[in-house]
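**Q** The following block contains the structure, expressed as structure tokens.
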Amino acid sequence: MEQRYVLDVIGVGVGPFNLGLAALIDKTDCTYKCFEQKNEFNWHPGMLLEGTTLQVPFMADVVTMVDPKSPYTFLNYLHEHERLYQFYFFEKFHIPRNEYNHYCRWVASQLSGLEFNSTVIEVKMHEEAKPFYEVTVEKEGKLHTYYSYHLVTGVGTQPVVPRDFQTVASNTFYHSAHYKMKREQTLKAKSITVIGSGQSAAEIVYDLLQQQPQFDYKLNWYTRSKGFYPMEYSKLGLEHFSPDYTRYFYRLPEEKKESVLRNQALLYKGISFETIGDIYDLIYERTIGGKEVPLTMRALTELAGVEKTNDTHLLTLHQYEQDSFEKEESEIVIMATGYHAKEPAFMEGLKEHLLFDEKGQLKINELYQVEMKKKGAPLFVQNGELHTHGVGAPDLGLGAYRNAVLINQIAGESVYKIYKNTVFQKFGF
Ligand SMILES: Cc1cc2nc3c(=O)[nH]c(=O)nc-3n(C[C@@H](O)[C@@H](O)[C@H](O)COP(=O)(O)OP(=O)(O)OC[C@H]3O[C@@H](n4cnc5c(N)ncnc54)[C@H](O)[C@@H]3O)c2cc1C
């Protein structure tokens, strides 16, 4: 009979969440592998702009919130790089995004279970007495098969351009996720338009404003939102990104969840106070003595159409409160229109086993396991459970907690302590 080696767990994707899984499971006896299609760890490389920071405190590294004694903490990273004093004088909780990436790469370099250049292309479940997964991985043109008793998808989200404009996408009409790679070419344009009013849009606008005197382009910033609003960042507001709130949200009736989420947009969308301040202050400084900044900022304005001409785009803009239209020429258009969870192709072979709600979304239990028609090998979801677990799903500060919940199940014992009380307020009765 064929002998197969079955790992305890396979992770698909190595973003911060499955990196955390690997870092936290490393000290257990569990066997694991995590496969990543990219050739190295690189966190949103298109948005690694100088001067940008993490939106959460440095303790949202991949381990600290459940294992501050781990060798993979951000503080140990600083220690190993002889940078603790500099960080101490830096006195900031919100570390540069570039440093977070460097830290993650340092963690990744120490974990032998991570496989890069490896795309998971198919997953099947074998329903034996002890069910397991068969995972097909493509690496450098060759197919490899691995087996595991648990599977964790950590495939992240995909950049989204509204459907009407997807065919226009090009080197001069692109998503904010590609900004850094196209920045040099962008700066040479005569006119640039940024669409959207989330943190990415604001960071790009701030960067372009800083470069504007040198390159001399006209800059437009449009959003269909009602304003260039700040993201909620008060201490009691932040308590929504906690295990307690996640538990509260999970237990709400299904039919309530969607409207609750809709009303919480500003908890995780919107712009940080600091970035709004930076942009405003720069404009203020530039307009001293009646000088004009070649910048147009408009809220309540949606992109209604795009015509591509030879070397520019003719944009149709709709101010929907006044119901009036305007045309604007722009050589470059940057769509900072967000990210969506997309079902990965490798899930196709598992669908027959999984349960979906009426909207076709995965049913996920409180412990992050996808519900199945029959008892099967556990399948866990990282950052794909906004609809069931709420606003904390993509939050880096909850990643270690979710991984602790996962690892306790994979290991079959309480490896990590799960805190019961994490906030001062009470969510519900
Ligand atoms: C620009 C930006 C900044 C952000 N900043 C913050 C912040 O400051 N604080 C915060 O809390 N949150 C932040 N977020 C949200 C946070 O959820 C993400 O930053 C985080 O990267 C999500 O991690 P992840 O592991 O789910 O996915 P990702 O980081 O997207 O990683 C998923 C990985 O899976 C790989 N993959 C996909 N399919 C396969 C396959 N079939 N086989 C192999 N590999 C595969 C991909 O290549 C990718 O590397 C930010 C998001 C963005 C876009």
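Residue numbering restarts at 1 for every chain of the structure tokens, chains are lettered A, B, ... in their displayed order, and ligands are numbered from 1 as they appear.
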Could you please extract the residues within 6 Å of ligand 1, counting only C-alpha atoms and all ligand atoms, and hand them back as an MDAnalysis selection string?
**A** chainID A and resid 12:18 35:38 43:44 47 54:56 118:121 154:157 383 394:397
**Q** Any chance you could list, as a ChimeraX atom specification, the residues in region 61-94 of chain A that come up helix (DSSP H, G or I) when DSSP is run on the backbone?
**A** /A:74-80,84-90
**Q** For those residues, write C-alpha atoms to a file as a short mmCIF file (atom, residue, chain, number, x, y, z; two decimals), in the first residue's frame.
**A**
```
data_model
loop_
_atom_site.label_atom_id
_atom_site.label_comp_id
_atom_site.auth_asym_id
_atom_site.auth_seq_id
_atom_site.Cartn_x
_atom_site.Cartn_y
_atom_site.Cartn_z
CA PHE A 74 8.75 42.70 17.16
CA LEU A 75 10.72 43.62 20.28
CA ASN A 76 12.98 40.62 19.78
CA TYR A 77 13.39 41.64 16.14
CA LEU A 78 14.60 45.04 17.35
CA HIS A 79 16.87 43.38 19.88
CA GLU A 80 18.39 41.07 17.24
CA LEU A 84 15.99 48.75 20.77
CA TYR A 85 17.41 52.08 21.91
CA GLN A 86 16.50 53.81 18.66
CA PHE A 87 12.95 52.44 18.98
CA TYR A 88 12.83 53.57 22.61
CA PHE A 89 13.71 57.14 21.58
CA PHE A 90 11.41 56.89 18.53
#
```
**Q** What is the distance, in Å and to one decimal place, between CA of Asn263 (chain A) and CA of Lys420 (chain A)?
**A** 26.4 Å
**Q** Residues near Leu386 (chain A), anyone? I mean within 10 Å using only C-alpha atoms, not counting same-chain ones fewer than 3 positions away, as a list of chain:residue names.
**A**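 Non-adjacent residues within range: A:Thr246, A:Tyr250, A:Lys257, A:Glu258, A:Leu261, A:Ala341, A:Gln382, A:Asn383, A:His389, A:Gly390, A:Val391, A:Gly392, A:Ala393, A:Pro394.
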**Q** CA of Gly20 (chain A) and CA of Val63 (chain A) are how many Å apart?
**A** 6.2 Å
**Q** So which residues touch Ser324 (chain A) within 12 Å, counting only C-alpha atoms, skipping near sequence neighbours fewer than 6 positions away, as a list of chain:residue names?
**A**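 Answer for this query is A:Leu300, A:Thr301, A:Glu302, A:Ala304, A:Thr316, A:Leu317, A:His318.
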**Q** With only C-alpha atoms as the counted atoms, please give the residues lying no more than 8 Å from Leu350 (chain A), apart from itself and same-chain residues fewer than 4 positions off, as a PyMOL selection string.
**A** chain A and resi 123-125+354
**Q** Would you mind exporting N, CA and C atoms of the selected residues as a compact mmCIF listing (two decimals), in the first residue's frame?
**A**
```txt
# COMPACT_ATOMS: atom_id res chain seq x y z
N VAL A 123 -7.18 21.30 -4.10
CA VAL A 123 -7.28 20.64 -2.80
C VAL A 123 -8.45 19.65 -2.86
N LYS A 124 -8.20 18.45 -2.40
CA LYS A 124 -9.28 17.45 -2.31
C LYS A 124 -9.34 16.95 -0.88
N MET A 125 -10.54 16.46 -0.49
CA MET A 125 -10.61 15.88 0.85
C MET A 125 -10.85 14.38 0.73
N LEU A 354 -18.73 21.52 1.60
CA LEU A 354 -18.88 22.70 2.45
C LEU A 354 -20.31 23.24 2.49
```
**Q** With only C-alpha atoms as the counted atoms, please give the residues lying no more than 6 Å from His94 (chain A), apart from itself and same-chain residues fewer than 5 positions off, as a list of chain:residue names.
**A**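 So, after excluding close chain neighbours, the residues are A:Thr53, A:Leu54, A:Pro57, A:Phe58.
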**Q** Limited to N, CA and C atoms, could you put the picked residues into a file as a short mmCIF file (atom, residue, chain, number, x, y, z; two decimals), in the first residue's frame?
**A**
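Contents of out26.cif, freshly written:
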```
data_model
loop_
_atom_site.label_atom_id
_atom_site.label_comp_id
_atom_site.auth_asym_id
_atom_site.auth_seq_id
_atom_site.Cartn_x
_atom_site.Cartn_y
_atom_site.Cartn_z
N THR A 53 2.73 54.34 7.94
CA THR A 53 2.88 53.50 9.13
C THR A 53 1.77 52.46 9.20
N LEU A 54 1.99 51.48 10.05
CA LEU A 54 0.96 50.52 10.40
C LEU A 54 -0.18 51.28 11.08
N PRO A 57 -0.92 49.31 16.71
CA PRO A 57 0.33 49.34 17.46
C PRO A 57 1.26 48.18 17.08
N PHE A 58 2.54 48.37 17.32
CA PHE A 58 3.54 47.35 16.94
C PHE A 58 3.28 46.00 17.59
#
```
**Q** Can you list, as a ChimeraX atom specification, all residues belonging to region 154-338 of chain A that DSSP tags as strand (DSSP E or B)?
**A** /A:158-159,173-175,191-195,218-222,230,271,295-298,301-308,313-319,324-330,332-335
**Q** Taking 2 positions as the minimum chain separation for residues in the same chain, which residues sit within 12 Å of Leu143 (chain A) when counting only C-alpha atoms? Answer as an mmCIF file with all heavy atoms, in the first residue's frame.
**A**
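Generated file (out-v6.cif):
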```
data_model
loop_
_atom_site.group_PDB
_atom_site.id
_atom_site.type_symbol
_atom_site.label_atom_id
_atom_site.label_comp_id
_atom_site.auth_asym_id
_atom_site.auth_seq_id
_atom_site.Cartn_x
_atom_site.Cartn_y
_atom_site.Cartn_z
ATOM 1 N N SER A 118 5.450 28.636 -4.547
ATOM 2 C CA SER A 118 4.635 27.416 -4.494
ATOM 3 C C SER A 118 3.152 27.786 -4.500
ATOM 4 O O SER A 118 2.646 28.331 -3.518
ATOM 5 C CB SER A 118 4.935 26.627 -3.219
ATOM 6 O OG SER A 118 6.312 26.341 -3.148
ATOM 7 N N THR A 119 2.485 27.509 -5.608
ATOM 8 C CA THR A 119 1.063 27.870 -5.722
ATOM 9 C C THR A 119 0.192 26.642 -5.488
ATOM 10 O O THR A 119 0.379 25.608 -6.136
ATOM 11 C CB THR A 119 0.780 28.419 -7.137
ATOM 12 O OG1 THR A 119 1.714 29.460 -7.397
ATOM 13 C CG2 THR A 119 -0.631 28.952 -7.264
ATOM 14 N N VAL A 120 -0.724 26.780 -4.553
ATOM 15 C CA VAL A 120 -1.680 25.682 -4.328
ATOM 16 C C VAL A 120 -2.718 25.750 -5.435
ATOM 17 O O VAL A 120 -3.394 26.774 -5.606
ATOM 18 C CB VAL A 120 -2.336 25.816 -2.932
ATOM 19 C CG1 VAL A 120 -3.466 24.808 -2.774
ATOM 20 C CG2 VAL A 120 -1.273 25.627 -1.851
ATOM 21 N N ILE A 121 -2.818 24.702 -6.227
ATOM 22 C CA ILE A 121 -3.747 24.764 -7.358
ATOM 23 C C ILE A 121 -4.966 23.861 -7.177
ATOM 24 O O ILE A 121 -5.986 24.056 -7.813
ATOM 25 C CB ILE A 121 -3.039 24.452 -8.704
ATOM 26 C CG1 ILE A 121 -2.360 23.084 -8.650
ATOM 27 C CG2 ILE A 121 -2.045 25.533 -9.093
ATOM 28 C CD1 ILE A 121 -1.945 22.607 -10.029
ATOM 29 N N GLU A 122 -4.876 22.905 -6.292
ATOM 30 C CA GLU A 122 -6.030 22.025 -6.082
ATOM 31 C C GLU A 122 -5.997 21.437 -4.680
ATOM 32 O O GLU A 122 -4.923 21.117 -4.165
ATOM 33 C CB GLU A 122 -5.999 20.900 -7.122
ATOM 34 C CG GLU A 122 -7.324 20.182 -7.209
ATOM 35 C CD GLU A 122 -7.331 19.038 -8.219
ATOM 36 O OE1 GLU A 122 -6.241 18.638 -8.671
ATOM 37 O OE2 GLU A 122 -8.430 18.546 -8.503
ATOM 38 N N VAL A 135 -3.246 18.059 -1.147
ATOM 39 C CA VAL A 135 -3.001 19.417 -1.639
ATOM 40 C C VAL A 135 -1.999 19.363 -2.790
ATOM 41 O O VAL A 135 -0.890 18.852 -2.625
ATOM 42 C CB VAL A 135 -2.458 20.306 -0.492
ATOM 43 C CG1 VAL A 135 -2.144 21.718 -0.985
ATOM 44 C CG2 VAL A 135 -3.452 20.360 0.670
ATOM 45 N N THR A 136 -2.411 19.903 -3.946
ATOM 46 C CA THR A 136 -1.499 19.905 -5.097
ATOM 47 C C THR A 136 -0.865 21.285 -5.221
ATOM 48 O O THR A 136 -1.558 22.305 -5.268
ATOM 49 C CB THR A 136 -2.265 19.569 -6.404
ATOM 50 O OG1 THR A 136 -3.013 18.386 -6.168
ATOM 51 C CG2 THR A 136 -1.309 19.367 -7.568
ATOM 52 N N VAL A 137 0.459 21.264 -5.272
ATOM 53 C CA VAL A 137 1.218 22.510 -5.287
ATOM 54 C C VAL A 137 2.062 22.559 -6.559
ATOM 55 O O VAL A 137 2.729 21.579 -6.901
ATOM 56 C CB VAL A 137 2.154 22.568 -4.050
ATOM 57 C CG1 VAL A 137 3.023 23.817 -4.078
ATOM 58 C CG2 VAL A 137 1.340 22.515 -2.770
ATOM 59 N N GLU A 138 2.001 23.704 -7.224
ATOM 60 C CA GLU A 138 2.849 23.866 -8.405
ATOM 61 C C GLU A 138 4.078 24.684 -8.018
ATOM 62 O O GLU A 138 3.956 25.796 -7.502
ATOM 63 C CB GLU A 138 2.068 24.578 -9.506
ATOM 64 C CG GLU A 138 2.837 24.586 -10.807
ATOM 65 C CD GLU A 138 2.149 25.412 -11.880
ATOM 66 O OE1 GLU A 138 0.911 25.518 -11.867
ATOM 67 O OE2 GLU A 138 2.895 25.952 -12.698
ATOM 68 N N LYS A 139 5.235 24.105 -8.270
ATOM 69 C CA LYS A 139 6.479 24.820 -7.960
ATOM 70 C C LYS A 139 7.411 24.692 -9.154
ATOM 71 O O LYS A 139 7.732 23.566 -9.555
ATOM 72 C CB LYS A 139 7.124 24.216 -6.701
ATOM 73 C CG LYS A 139 8.368 24.954 -6.288
ATOM 74 C CD LYS A 139 8.834 24.543 -4.913
ATOM 75 C CE LYS A 139 9.927 25.487 -4.461
ATOM 76 N NZ LYS A 139 10.261 25.385 -3.081
ATOM 77 N N GLU A 140 7.780 25.832 -9.702
ATOM 78 C CA GLU A 140 8.679 25.870 -10.865
ATOM 79 C C GLU A 140 8.258 24.879 -11.947
ATOM 80 O O GLU A 140 9.044 24.059 -12.430
ATOM 81 C CB GLU A 140 10.129 25.624 -10.423
ATOM 82 C CG GLU A 140 10.686 26.816 -9.655
ATOM 83 C CD GLU A 140 11.767 26.436 -8.650
ATOM 84 O OE1 GLU A 140 12.214 25.272 -8.662
ATOM 85 O OE2 GLU A 140 12.139 27.302 -7.853
ATOM 86 N N GLY A 141 6.977 24.908 -12.286
ATOM 87 C CA GLY A 141 6.460 24.096 -13.386
ATOM 88 C C GLY A 141 6.198 22.640 -13.038
ATOM 89 O O GLY A 141 5.681 21.897 -13.862
ATOM 90 N N THR A 145 2.565 16.782 -4.412
ATOM 91 C CA THR A 145 1.374 16.478 -3.600
ATOM 92 C C THR A 145 1.754 16.399 -2.119
ATOM 93 O O THR A 145 2.772 15.780 -1.766
ATOM 94 C CB THR A 145 0.764 15.127 -4.045
ATOM 95 O OG1 THR A 145 0.529 15.216 -5.448
ATOM 96 C CG2 THR A 145 -0.549 14.849 -3.343
ATOM 97 N N TYR A 146 0.946 17.032 -1.306
ATOM 98 C CA TYR A 146 1.151 17.000 0.152
ATOM 99 C C TYR A 146 -0.174 16.605 0.800
ATOM 100 O O TYR A 146 -1.238 16.796 0.206
ATOM 101 C CB TYR A 146 1.581 18.381 0.675
ATOM 102 C CG TYR A 146 2.911 18.840 0.128
ATOM 103 C CD1 TYR A 146 2.979 19.494 -1.094
ATOM 104 C CD2 TYR A 146 4.094 18.617 0.827
ATOM 105 C CE1 TYR A 146 4.200 19.920 -1.613
ATOM 106 C CE2 TYR A 146 5.316 19.028 0.326
ATOM 107 C CZ TYR A 146 5.365 19.673 -0.898
ATOM 108 O OH TYR A 146 6.563 20.083 -1.400
#
```
